[in-house]
>>> print(open('protein-v8.txt').read())   # compact mmCIF, C-alpha atoms
# COMPACT_ATOMS: atom_id res chain seq x y z
CA MET A 1 93.87 111.34 54.69
CA THR A 2 94.55 107.57 54.60
CA LYS A 3 93.07 105.20 57.14
CA ILE A 4 96.42 104.66 58.81
CA GLU A 5 96.99 108.42 59.11
CA ARG A 6 93.59 108.90 60.76
CA TYR A 7 94.49 106.57 63.60
CA ASP A 8 98.15 107.44 64.07
CA TYR A 9 99.04 109.84 66.88
CA ALA A 10 101.74 110.62 69.39
CA PHE A 11 101.33 111.05 73.14
CA GLU A 12 103.40 111.34 76.29
CA PRO A 13 103.32 107.86 77.88
CA ASP A 14 103.53 109.27 81.40
CA GLY A 15 101.23 112.21 80.72
CA GLU A 16 97.50 112.73 81.15
CA GLU A 17 96.38 112.09 77.58
CA TRP A 18 93.69 109.47 77.14
CA ALA A 19 96.01 106.84 75.64
CA ALA A 20 98.42 107.20 78.56
CA ARG A 21 95.59 106.82 81.05
CA LEU A 22 94.39 103.69 79.28
CA LEU A 23 97.86 102.14 79.38
CA ARG A 24 98.15 102.83 83.11
CA ARG A 25 95.40 100.22 83.52
CA VAL A 26 97.71 97.52 82.14
CA PRO A 27 99.46 95.71 85.02
CA GLN A 28 103.16 96.42 85.23
CA GLY A 29 105.77 93.73 85.08
CA GLY A 30 106.03 92.95 81.38
CA GLY A 31 103.12 90.51 81.15
CA SER A 32 101.35 89.37 78.01
CA VAL A 33 98.95 91.75 76.27
CA LEU A 34 96.42 91.12 73.51
CA GLU A 35 95.64 94.39 71.69
CA LEU A 36 92.65 94.49 69.35
CA GLY A 37 92.59 96.92 66.45
CA PRO A 38 95.76 98.86 67.33
CA GLY A 39 95.96 100.65 63.98
CA PRO A 40 99.55 101.76 63.29
CA GLY A 41 100.53 100.97 66.90
CA ALA A 42 100.64 104.22 68.86
CA MET A 43 99.93 102.32 72.10
CA THR A 44 101.73 99.17 70.93
CA ARG A 45 105.04 101.04 70.86
CA VAL A 46 104.69 102.02 74.50
CA LEU A 47 103.69 98.52 75.59
CA LEU A 48 106.70 97.00 73.84
CA ALA A 49 109.01 99.66 75.30
CA ARG A 50 107.74 98.73 78.76
CA GLY A 51 108.70 95.10 78.22
CA HIS A 52 105.28 93.58 77.53
CA ARG A 53 104.83 90.67 75.17
CA VAL A 54 102.29 92.09 72.74
CA THR A 55 100.03 90.24 70.34
CA VAL A 56 97.94 92.40 68.02
CA VAL A 57 94.94 91.67 65.82
CA GLU A 58 94.59 94.05 62.88
CA ASN A 59 93.22 93.88 59.32
CA ASP A 60 94.59 97.07 57.71
CA PRO A 61 97.49 96.10 55.38
CA GLU A 62 99.45 99.32 55.97
CA ALA A 63 99.07 99.04 59.73
CA LEU A 64 100.16 95.39 59.64
CA ASP A 65 103.47 96.33 58.02
CA VAL A 66 104.11 98.97 60.68
CA LEU A 67 103.20 96.59 63.50
CA LYS A 68 105.50 93.88 62.20
CA ALA A 69 108.34 96.38 62.06
CA LEU A 70 107.71 97.28 65.69
CA GLY A 71 108.32 93.70 66.78
CA ALA A 72 104.83 92.74 67.97
CA GLU A 73 103.28 89.36 67.25
CA VAL A 74 100.87 90.18 64.44
CA ILE A 75 97.67 88.34 63.61
CA SER A 76 95.91 89.49 60.48
CA GLY A 77 92.20 89.25 61.01
CA ASN A 78 88.86 90.98 60.90
CA LEU A 79 87.44 91.27 64.40
CA ASP A 80 83.95 90.70 63.02
CA GLY A 81 85.16 87.30 61.83
CA THR A 82 86.41 84.23 63.72
CA ASP A 83 89.78 83.40 62.12
CA TRP A 84 91.69 85.47 64.67
CA LEU A 85 89.95 83.64 67.51
CA ASP A 86 91.18 80.33 66.12
CA ALA A 87 94.71 81.79 65.85
CA ILE A 88 94.92 82.44 69.59
CA ALA A 89 92.86 79.47 70.76
CA GLY A 90 94.08 78.07 74.08
CA ARG A 91 96.19 81.12 74.92
CA ARG A 92 95.71 83.40 77.93
CA PHE A 93 96.78 87.03 78.32
CA ASP A 94 97.32 89.13 81.43
CA ALA A 95 95.51 92.04 79.78
CA VAL A 96 93.32 92.50 76.72
CA LEU A 97 92.89 95.95 75.19
CA ALA A 98 89.89 96.91 73.08
CA CYS A 99 90.33 100.66 73.01
CA ASP A 100 88.05 102.57 70.63
CA VAL A 101 87.37 99.35 68.77
CA LEU A 102 83.93 98.03 69.75
CA GLU A 103 82.11 100.88 68.01
CA HIS A 104 83.60 99.69 64.70
CA LEU A 105 82.17 96.16 65.02
CA ARG A 106 78.82 94.98 63.76
CA LYS A 107 78.49 92.46 66.59
CA PRO A 108 80.66 93.61 69.51
CA GLU A 109 78.63 91.36 71.83
CA GLU A 110 79.98 88.25 70.11
CA VAL A 111 83.58 89.46 70.48
CA LEU A 112 83.09 90.36 74.14
CA SER A 113 81.48 86.99 74.87
CA ARG A 114 84.51 85.15 73.46
CA LEU A 115 87.24 87.33 74.96
CA SER A 116 86.89 85.89 78.47
CA GLU A 117 88.42 82.66 77.06
CA PHE A 118 91.69 84.51 76.52
CA VAL A 119 92.05 86.31 79.84
CA ALA A 120 94.46 84.77 82.30
CA PRO A 121 93.32 84.12 85.89
CA MET A 122 93.03 87.52 87.57
CA GLY A 123 93.56 89.16 84.17
CA ARG A 124 91.55 92.08 82.87
CA LEU A 125 89.95 93.61 79.82
CA VAL A 126 90.36 97.34 79.24
CA ILE A 127 87.89 98.97 76.89
CA SER A 128 87.30 102.52 75.68
CA VAL A 129 84.26 103.67 73.72
CA PRO A 130 83.07 107.08 72.49
CA ASN A 131 80.13 108.48 74.45
CA ILE A 132 77.29 109.23 72.04
CA ALA A 133 75.61 111.22 74.83
CA TYR A 134 78.39 113.82 74.62
CA ALA A 135 76.97 117.35 74.76
CA GLY A 136 78.60 118.20 71.43
CA VAL A 137 76.67 115.46 69.65
CA VAL A 138 73.47 116.62 71.35
CA ALA A 139 74.20 120.22 70.31
CA ALA A 140 74.70 119.16 66.69
CA MET A 141 71.43 117.24 66.74
CA ARG A 142 69.72 120.24 68.34
CA ASN A 143 70.82 122.10 65.20
CA GLY A 144 69.43 119.27 63.05
CA ILE A 145 72.86 117.86 62.13
CA PHE A 146 74.24 114.32 62.45
CA ASP A 147 77.04 114.27 59.88
CA TYR A 148 79.74 111.61 59.77
CA SER A 149 83.38 112.65 59.41
CA ASP A 150 86.83 111.14 58.96
CA LYS A 151 87.50 110.87 62.70
CA GLY A 152 86.10 111.74 66.10
CA GLN A 153 82.76 110.92 67.70
CA LEU A 154 81.00 110.47 64.36
CA ASP A 155 83.78 108.65 62.55
CA ARG A 156 82.15 107.26 59.41
CA THR A 157 83.40 103.75 60.30
CA HIS A 158 81.43 103.70 63.56
CA VAL A 159 78.55 101.28 63.29
CA ARG A 160 77.58 101.03 66.98
CA PHE A 161 77.03 103.81 69.51
CA PHE A 162 77.23 103.60 73.31
CA THR A 163 76.46 105.51 76.45
CA ARG A 164 77.89 104.39 79.79
CA ARG A 165 74.63 102.62 80.65
CA SER A 166 74.39 100.80 77.33
CA ILE A 167 78.02 99.58 77.29
CA GLU A 168 77.70 98.50 80.92
CA LYS A 169 74.63 96.45 80.02
CA VAL A 170 76.47 94.81 77.11
CA LEU A 171 79.42 93.96 79.35
CA LEU A 172 77.23 92.42 82.04
CA ASP A 173 75.26 90.44 79.47
CA CYS A 174 78.54 89.11 78.04
CA GLY A 175 79.83 87.85 81.41
CA TRP A 176 82.03 90.75 82.48
CA SER A 177 82.09 92.53 85.82
CA PRO A 178 83.14 96.21 85.73
CA ARG A 179 85.90 96.91 88.26
CA ALA A 180 86.56 100.58 87.44
CA TRP A 181 85.24 103.40 85.26
CA GLU A 182 87.06 106.48 84.04
CA ALA A 183 85.89 109.41 81.93
CA ASN A 184 87.74 111.38 79.29
CA ARG A 185 86.27 114.85 79.72
CA VAL A 186 86.68 117.26 76.80
CA PRO A 187 85.22 120.80 76.92
CA VAL A 188 82.66 121.10 74.15
CA GLU A 189 84.36 124.34 73.06
CA CYS A 190 87.51 122.32 72.32
CA SER A 191 85.80 119.58 70.32
CA GLU A 192 84.76 119.19 66.70
CA PHE A 193 81.29 120.29 67.84
CA ALA A 194 82.36 123.75 69.06
CA TRP A 195 80.49 125.57 66.29
CA TYR A 196 77.23 123.74 66.97
CA TRP A 197 77.54 124.47 70.67
CA SER A 198 78.15 128.17 70.11
CA ALA A 199 75.16 128.28 67.72
CA LEU A 200 72.85 127.47 70.63
CA SER A 201 71.50 130.31 72.72
CA GLY A 202 72.63 130.70 76.30
CA GLU A 203 69.24 129.51 77.52
CA GLN A 204 69.42 126.41 75.33
CA ARG A 205 72.88 125.52 76.62
CA GLN A 206 71.78 126.09 80.20
CA ALA A 207 68.73 123.89 79.68
CA LEU A 208 70.88 121.09 78.26
CA LEU A 209 73.39 121.24 81.11
CA ALA A 210 70.85 121.37 83.94
CA GLY A 211 71.46 118.37 86.20
CA TRP A 212 73.76 116.71 83.62
CA GLN A 213 77.09 115.89 85.30
CA ASP A 214 78.54 113.87 82.43
CA PHE A 215 77.76 116.30 79.62
CA ASP A 216 81.48 116.68 78.77
CA VAL A 217 82.43 112.98 78.78
CA TYR A 218 83.87 112.33 75.32
CA GLN A 219 84.86 108.71 76.02
CA TRP A 220 84.27 106.10 78.70
CA MET A 221 86.89 103.64 79.91
CA ALA A 222 85.95 100.45 81.73
CA VAL A 223 88.26 97.95 83.37
CA VAL A 224 86.40 94.65 83.56
CA THR A 225 87.08 91.09 84.64
CA PRO A 226 85.26 87.81 83.93
CA SER A 227 82.26 87.39 86.20
CA VAL A 228 83.58 83.96 87.26
CA ASP A 229 86.51 85.77 88.90
CA ALA A 230 84.23 88.20 90.74
CA SER A 231 84.74 86.64 94.20
CA ALA A 232 88.52 86.58 93.85
CA TRP A 233 88.53 90.17 92.62
CA GLU A 234 86.30 91.26 95.50
CA LEU A 235 88.79 89.70 97.89
CA ILE A 236 91.65 91.49 96.14
CA ASP A 237 89.69 94.75 96.19
CA ALA A 238 89.04 94.28 99.90
CA ARG A 239 92.73 93.65 100.53
CA ASN A 240 93.68 96.66 98.42
CA ALA A 241 91.15 98.77 100.32
CA ALA A 242 92.61 97.53 103.62
CA ASP A 243 96.14 98.29 102.41
CA LYS A 244 94.98 101.74 101.34
CA LEU A 245 93.42 102.33 104.75
CA ARG A 246 96.66 101.24 106.42
CA GLU A 247 98.65 103.58 104.20
CA ASP A 248 96.23 106.41 104.94
CA LEU A 249 96.44 105.65 108.67
CA GLN A 250 100.23 105.63 108.52
CA ALA A 251 100.22 108.91 106.61
CA LEU A 252 97.81 110.42 109.14
CA THR A 253 99.97 109.14 112.00
CA VAL A 254 103.03 110.82 110.48
CA VAL A 255 101.07 114.04 110.02
CA HIS A 256 99.74 113.79 113.59
CA GLN A 257 103.22 113.26 115.00
CA ARG A 258 104.56 116.16 112.97
CA GLU A 259 101.68 118.42 114.01
CA ARG A 260 102.04 117.33 117.66
CA ALA A 261 105.76 118.09 117.62
CA SER A 262 104.99 121.46 116.06
CA LEU A 263 102.32 122.10 118.68
CA LEU A 264 104.76 121.24 121.48
CA GLU A 265 107.29 123.61 119.97
CA HIS A 266 104.64 126.32 119.81
CA GLN A 267 103.61 125.62 123.41
CA LYS A 268 107.25 125.84 124.52
CA ALA A 269 107.72 129.08 122.60
CA PHE A 270 104.45 130.41 124.04
CA SER A 271 105.55 129.51 127.58
CA GLU A 272 108.89 131.22 127.06
CA ALA A 273 107.17 134.24 125.60
CA LYS A 274 104.77 134.29 128.55
CA ASP A 275 107.71 134.31 130.99
CA ILE A 276 109.38 137.12 129.09
CA ILE A 277 106.16 139.11 129.00
CA GLY A 278 105.72 138.55 132.76
CA LYS A 279 109.23 139.83 133.44
CA LEU A 280 108.69 142.83 131.21
CA GLN A 281 105.37 143.57 132.91
CA PHE A 282 107.08 143.38 136.35
CA GLU A 283 109.86 145.68 135.19
CA ALA A 284 107.32 148.06 133.72
CA LYS A 285 105.46 148.07 137.05
CA GLN A 286 108.67 148.86 138.90
CA MET A 287 109.47 151.63 136.45
CA ARG A 288 105.99 153.11 136.92
CA ALA A 289 106.47 153.04 140.71
CA GLU A 290 109.87 154.73 140.38
CA MET A 291 108.34 157.32 138.07
CA ASP A 292 105.60 157.99 140.60
CA ILE A 293 108.30 158.58 143.28
CA VAL A 294 110.22 160.89 140.96
CA ARG A 295 107.04 162.82 140.17
CA ALA A 296 106.25 163.16 143.90
CA GLU A 297 109.79 164.38 144.62
CA LYS A 298 109.54 166.83 141.74
CA THR A 299 106.25 168.16 143.06
CA ALA A 300 107.75 168.60 146.54
CA VAL A 301 110.80 170.44 145.20
CA GLU A 302 108.64 172.71 143.09
CA ALA A 303 106.47 173.52 146.14
CA GLU A 304 109.51 174.27 148.31
CA LEU A 305 111.01 176.47 145.61
CA ALA A 306 107.78 178.40 145.28
CA THR A 307 107.65 178.95 149.03
CA ARG A 308 111.20 180.29 149.14
CA LEU A 309 110.61 182.58 146.21
CA ALA A 310 107.51 183.97 147.87
CA ALA A 311 109.45 184.74 151.09
CA GLN A 312 112.15 186.79 149.39
CA PRO A 313 111.57 190.60 148.75
CA SER A 314 110.82 191.48 145.22
CA PRO A 315 113.75 192.77 143.11
CA ALA A 316 111.89 196.05 142.38
CA GLY A 317 111.65 196.91 146.11
CA VAL A 318 115.35 196.24 146.73
CA TRP A 319 116.44 198.53 143.87
CA SER A 320 114.03 201.32 145.04
CA ARG A 321 115.60 201.43 148.52
CA ARG A 322 119.07 201.50 147.06
CA TRP A 323 118.15 204.48 144.82
CA ARG A 324 116.73 206.47 147.71
CA ARG A 325 119.92 205.96 149.76
CA LEU A 326 122.01 207.19 146.93
CA MET A 327 119.84 210.31 146.64
CA GLY A 328 120.23 210.99 150.38
CA ARG A 329 116.80 209.89 151.27
CA THR A 330 116.25 207.67 154.22
CA SER A 331 112.84 206.40 153.38
>>> encode(input="protein-v8.txt", output="structure tokens")
Amino acid sequence: MTKIERYDYAFEPDGEEWAARLLRRVPQGGGSVLELGPGPGAMTRVLLARGHRVTVVENDPEALDVLKALGAEVISGNLDGTDWLDAIAGRRFDAVLACDVLEHLRKPEEVLSRLSEFVAPMGRLVISVPNIAYAGVVAAMRNGIFDYSDKGQLDRTHVRFFTRRSIEKVLLDCGWSPRAWEANRVPVECSEFAWYWSALSGEQRQALLAGWQDFDVYQWMAVVTPSVDASAWELIDARNAADKLREDLQALTVVHQRERASLLEHQKAFSEAKDIIGKLQFEAKQMRAEMDIVRAEKTAVEAELATRLAAQPSPAGVWSRRWRRLMGRTS
């Protein structure tokens, strides 16, 4: 596998893959973007398609040819050097991307300290770094293994390792203020460390996971701005929060009005049903009264019929007298 093949990939720009989520942090509107270490340009293609003016810094010869063909402004340079900084001196970009790049640098602090020079007012830096505290790495170490590979968490070209706390400290020390964090969560069973994880006993896995909320964070993303812009960003954040509250209030008002209208409809239907039930109950009461009258009349008729039947001679006696008369008897 060549270097360019290792870092080439396809993704759905509007999907939920990590690259798509990173690009959603780039302001819309076709502004200027400085992309560091883009490789063969998987994300560069999307940025260009969205109308951004993209400048890339890359040192791999194969990747440079691909990037030039895409139409990006290409600067050939090693990020551990300074030539590329001189090439963009005096320029400002709306967004700077350093996605899965800092871990490849010997001195990422020096790069981060200089990058604020190239961020436009109210611009931002978007970074992504592997999380060395990923449970898969810990599982491999628990099995006594820390082997480098061609790609992934332990890519053999990684020379620096970060956790969220350590990269946050570096950013703050270099004059950046984190505005947002996002985690790329990957189940350990779906990672390159699946075998090491399954080799642990259930008790060992349970012990590792106890109280560890970020055990499955494969990468951390941070959106940061220069500390000198902190006050302006806090004002923007406050305005955005106020706008969000207004939107939420409007949405709640719409829901309230809809629910109130529904409640009124239900109350109207309930009132109508109550009237119908009342009428039916009244009619049922009348029917019960009429049935009581009919039962009383029936009882009276049955009593009268019984009385009349009791007053009439029995049929046997009538036929006996008739027989005696026919035989000439008088009694």
>>> atom_distance(input="protein-v8.txt", atom1="atom CA of A:Lys151", atom2="atom CA of A:Ala183")
19.4 Å
>>> atom_distance(input="protein-v8.txt", atom1="atom CA of A:Phe118", atom2="atom CA of A:Asp60")
22.8 Å
>>> closest_atom_pairs(input="protein-v8.txt", of="stretch 57-165 of chain A", to="stretch 32-51 of chain A", cutoff="12 Å", atoms="all atoms listed in the file", output="Markdown table")
| residue | atom | partner | partner_atom | distance |
| --- | --- | --- | --- | --- |
| A:Val57 | CA | A:Leu36 | CA | 5.1 |
| A:Glu58 | CA | A:Gly37 | CA | 5.0 |
| A:Asn59 | CA | A:Gly37 | CA | 7.8 |
| A:Asp60 | CA | A:Gly39 | CA | 7.3 |
| A:Pro61 | CA | A:Gly39 | CA | 9.8 |
| A:Glu62 | CA | A:Pro40 | CA | 7.7 |
| A:Ala63 | CA | A:Pro40 | CA | 4.5 |
| A:Leu64 | CA | A:Pro40 | CA | 7.4 |
| A:Asp65 | CA | A:Pro40 | CA | 8.5 |
| A:Val66 | CA | A:Pro40 | CA | 5.9 |
| A:Leu67 | CA | A:Gly41 | CA | 6.2 |
| A:Lys68 | CA | A:Gly41 | CA | 9.9 |
| A:Ala69 | CA | A:Gly41 | CA | 10.3 |
| A:Leu70 | CA | A:Arg45 | CA | 6.9 |
| A:Gly71 | CA | A:Leu48 | CA | 8.0 |
| A:Ala72 | CA | A:Leu48 | CA | 7.5 |
| A:Glu73 | CA | A:Leu34 | CA | 9.5 |
| A:Val74 | CA | A:Glu35 | CA | 9.9 |
| A:Ile75 | CA | A:Leu36 | CA | 9.8 |
| A:Ser76 | CA | A:Gly37 | CA | 10.1 |
| A:Gly77 | CA | A:Gly37 | CA | 9.4 |
| A:Asn78 | CA | A:Gly37 | CA | 8.9 |
| A:Leu79 | CA | A:Leu36 | CA | 7.9 |
| A:Asp80 | CA | A:Gly37 | CA | 11.2 |
| A:Trp84 | CA | A:Leu36 | CA | 10.2 |
| A:Leu85 | CA | A:Leu36 | CA | 11.3 |
| A:Ile88 | CA | A:Leu34 | CA | 9.6 |
| A:Arg91 | CA | A:Leu34 | CA | 10.1 |
| A:Arg92 | CA | A:Ser32 | CA | 8.2 |
| A:Phe93 | CA | A:Ser32 | CA | 5.1 |
| A:Asp94 | CA | A:Ser32 | CA | 5.3 |
| A:Ala95 | CA | A:Val33 | CA | 4.9 |
| A:Val96 | CA | A:Leu34 | CA | 4.7 |
| A:Leu97 | CA | A:Glu35 | CA | 4.7 |
| A:Ala98 | CA | A:Leu36 | CA | 5.2 |
| A:Cys99 | CA | A:Leu36 | CA | 7.5 |
| A:Asp100 | CA | A:Gly37 | CA | 8.4 |
| A:Val101 | CA | A:Gly37 | CA | 6.2 |
| A:Leu102 | CA | A:Gly37 | CA | 9.3 |
| A:Glu103 | CA | A:Gly37 | CA | 11.3 |
| A:His104 | CA | A:Gly37 | CA | 9.6 |
| A:Leu105 | CA | A:Gly37 | CA | 10.5 |
| A:Val111 | CA | A:Leu36 | CA | 10.4 |
| A:Leu112 | CA | A:Leu36 | CA | 11.5 |
| A:Leu115 | CA | A:Leu34 | CA | 10.0 |
| A:Ser116 | CA | A:Leu34 | CA | 11.9 |
| A:Phe118 | CA | A:Leu34 | CA | 8.7 |
| A:Val119 | CA | A:Leu34 | CA | 9.1 |
| A:Ala120 | CA | A:Ser32 | CA | 9.3 |
| A:Gly123 | CA | A:Val33 | CA | 9.9 |
| A:Arg124 | CA | A:Val33 | CA | 9.9 |
| A:Leu125 | CA | A:Leu34 | CA | 9.4 |
| A:Val126 | CA | A:Glu35 | CA | 9.7 |
| A:Ile127 | CA | A:Leu36 | CA | 10.0 |
| A:Ser128 | CA | A:Leu36 | CA | 11.5 |
>>> atom_distance(input="protein-v8.txt", atom1="atom CA of A:Asn184", atom2="atom CA of A:Ile145")
23.6 Å
>>> closest_residue(input="protein-v8.txt", among="A:Tyr218, A:Thr225, A:Gln250, A:Thr157", to="A:Pro121", atoms="all atoms listed in the file")
A:Thr225
>>> closest_residue(input="protein-v8.txt", among="A:Lys279, A:His256, A:Arg21, A:His52", to="A:Met221", atoms="all atoms listed in the file")
A:Arg21
>>> closest_residue(input="protein-v8.txt", among="A:Glu168, A:Glu12, A:Asp216, A:Glu109", to="A:Ser191", atoms="all atoms listed in the file")
A:Asp216
>>> closest_residue(input="protein-v8.txt", among="A:Phe193, A:Ala10, A:Ile167, A:Ser201", to="A:Phe146", atoms="all atoms listed in the file")
A:Phe193
>>> residues_around(input="protein-v8.txt", residues="A:Ser177", least_positions_apart="6", cutoff="9 Å", atoms="only C-alpha atoms", output="PDB file with C-alpha atoms, in the coordinates of the input")
ATOM      1  CA  GLU A 168      77.700  98.500  80.920  1.00  0.00           C
ATOM      2  CA  LEU A 171      79.420  93.960  79.350  1.00  0.00           C
ATOM      3  CA  VAL A 223      88.260  97.950  83.370  1.00  0.00           C
ATOM      4  CA  VAL A 224      86.400  94.650  83.560  1.00  0.00           C
ATOM      5  CA  THR A 225      87.080  91.090  84.640  1.00  0.00           C
ATOM      6  CA  PRO A 226      85.260  87.810  83.930  1.00  0.00           C
ATOM      7  CA  SER A 227      82.260  87.390  86.200  1.00  0.00           C
ATOM      8  CA  VAL A 228      83.580  83.960  87.260  1.00  0.00           C
ATOM      9  CA  ASP A 229      86.510  85.770  88.900  1.00  0.00           C
ATOM     10  CA  ALA A 230      84.230  88.200  90.740  1.00  0.00           C
TER      11      ALA A 230
END
>>> closest_residue(input="protein-v8.txt", among="A:Ala140, A:Ala303, A:Ile132, A:Val159", to="A:Pro108", atoms="only C-alpha atoms")
A:Val159
>>> closest_residue(input="protein-v8.txt", among="A:Arg246, A:Glu117, A:Asn143, A:Gly152", to="A:Gly175", atoms="all atoms listed in the file")
A:Glu117
